[in-house]
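Everything on this sheet refers to the single structure shown next.
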Amino acid sequence: GTAGTIGDSGDTFTIPSGVTLANSGTATGFGGGKLLQFVNLATTTNVTVSSTSYTSGNLSQSFTPTASSSKVFILLQLGVFINVTTSQDAGLQVSLRRDSSEIMNSGTTSNYQSAAYNGNTRYTLPLIYYDTPNTTSAVTYDYEFKNAHSSQTIEISDNNTISTMSLFEIGA
């Protein structure tokens, strides 16, 4: 193949609407925003908590960014089952972590998911976070969760639900 250059530094080219650009090769040099890597985990492995202390979740992933300027878009979707056996609310609080340090928390009391008295609640809880690890060394993403209100049982991935963690490295 032959290499060529169109225009000079500082030139602007306008492509009118209705024009289609077709690329049969590799497009490079378009700046940031490129998806550099993607990792997805899924599990139906059950983990439960019935206390107000944090418990390790069932998803953990080591991830090595390709550039220190990269961002990591994290999508954590938890299949949740809350079993309320007495007349007390149960509420789920989640801590998303990078290398054992909290980078995002699901919120304050007003943001907890509550279950009806003496009943069961099943739902999917999505958590989204845009992280800046500033490294090309391996980092580990995981989560912890707890019951925010009482000693009711909260289950993640209760054999009827699936939980996933998706990590997207975005080039800056």
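Going through the structure tokens in order, the chains are called A, B, and so on, while each chain numbers its residues from 1 and the ligands are numbered from 1 in the order shown.
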
Within 8 Å of range 95-97 of chain A using only C-alpha atoms, minus same-chain residues under 5 positions, as a PyMOL selection string | chain A and resi 102-106+141-145

Between A:Ser53, A:Thr2, A:Thr14, A:Thr153, which is the closest to Val94 in chain A once you count only C-alpha atoms?
->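 Using only C-alpha atoms, the shortest distance to Val94 in chain A belongs to A:Ser53.
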
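Here CA of Ser60 in chain A stands at a distance of 16.1 Å from CA of Thr48 in chain A.
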
At what distance in Å, to one decimal, does CA of Ala172 in chain A lie from CA of Leu41 in chain A?
-> 24.2 Å

Using only C-alpha atoms: which of A:Thr43, A:Asn159, A:Ser51, A:Thr5 has the shortest distance to Gly91 in chain A = A:Ser51

Based on DSSP run over this structure's backbone, return all residues of range 11-166 of chain A in strand (DSSP E or B), as a PyMOL selection string.
-> chain A and resi 35-43+47-49+55-63+71-83+91-98+101-105+113-114+120-131+139-147+153-156+163-166

From the list A:Thr64, A:Ser17, A:Asn46, A:Ser69, the nearest residue to Ile170 in chain A using only C-alpha atoms is A:Ser69

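When only C-alpha atoms are used to measure the gap to Tyr54 in chain A, the shortest distance among A:Asn147, A:Gln37, A:Thr135, A:Ser68 belongs to A:Asn147.
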
Shell around Phe73 in chain A at 8 Å using only C-alpha atoms, local window under 2 positions removed, as a ChimeraX atom specification = /A:71,75,128-131,167-170

Distance query Thr140 in chain A at most 10 Å, only C-alpha atoms, self and fewer than 4 positions along chain excluded, as a list in words |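 Those residues are Ser60, Gln61, Ser62, Phe63, Thr64, Arg97, Arg98, Asp99, Ser100 and Ser101 of chain A.
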
Selection: 7 Å around Asn83 in chain A, only C-alpha atoms, excl. self and same-chain fewer than 4 positions, as a PyMOL selection string = chain A and resi 119-121+152-154

Any idea what the distance is between CA of Ala138 in chain A and CA of Ser56 in chain A?
->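 Interatomic distance, CA of Ala138 in chain A to CA of Ser56 in chain A: 19.9 Å.
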
So, counting only C-alpha atoms, which residue among A:Asn160, A:Ala22, A:Gly79, A:Pro16 is closest to Gly57 in chain A?
-> A:Gly79
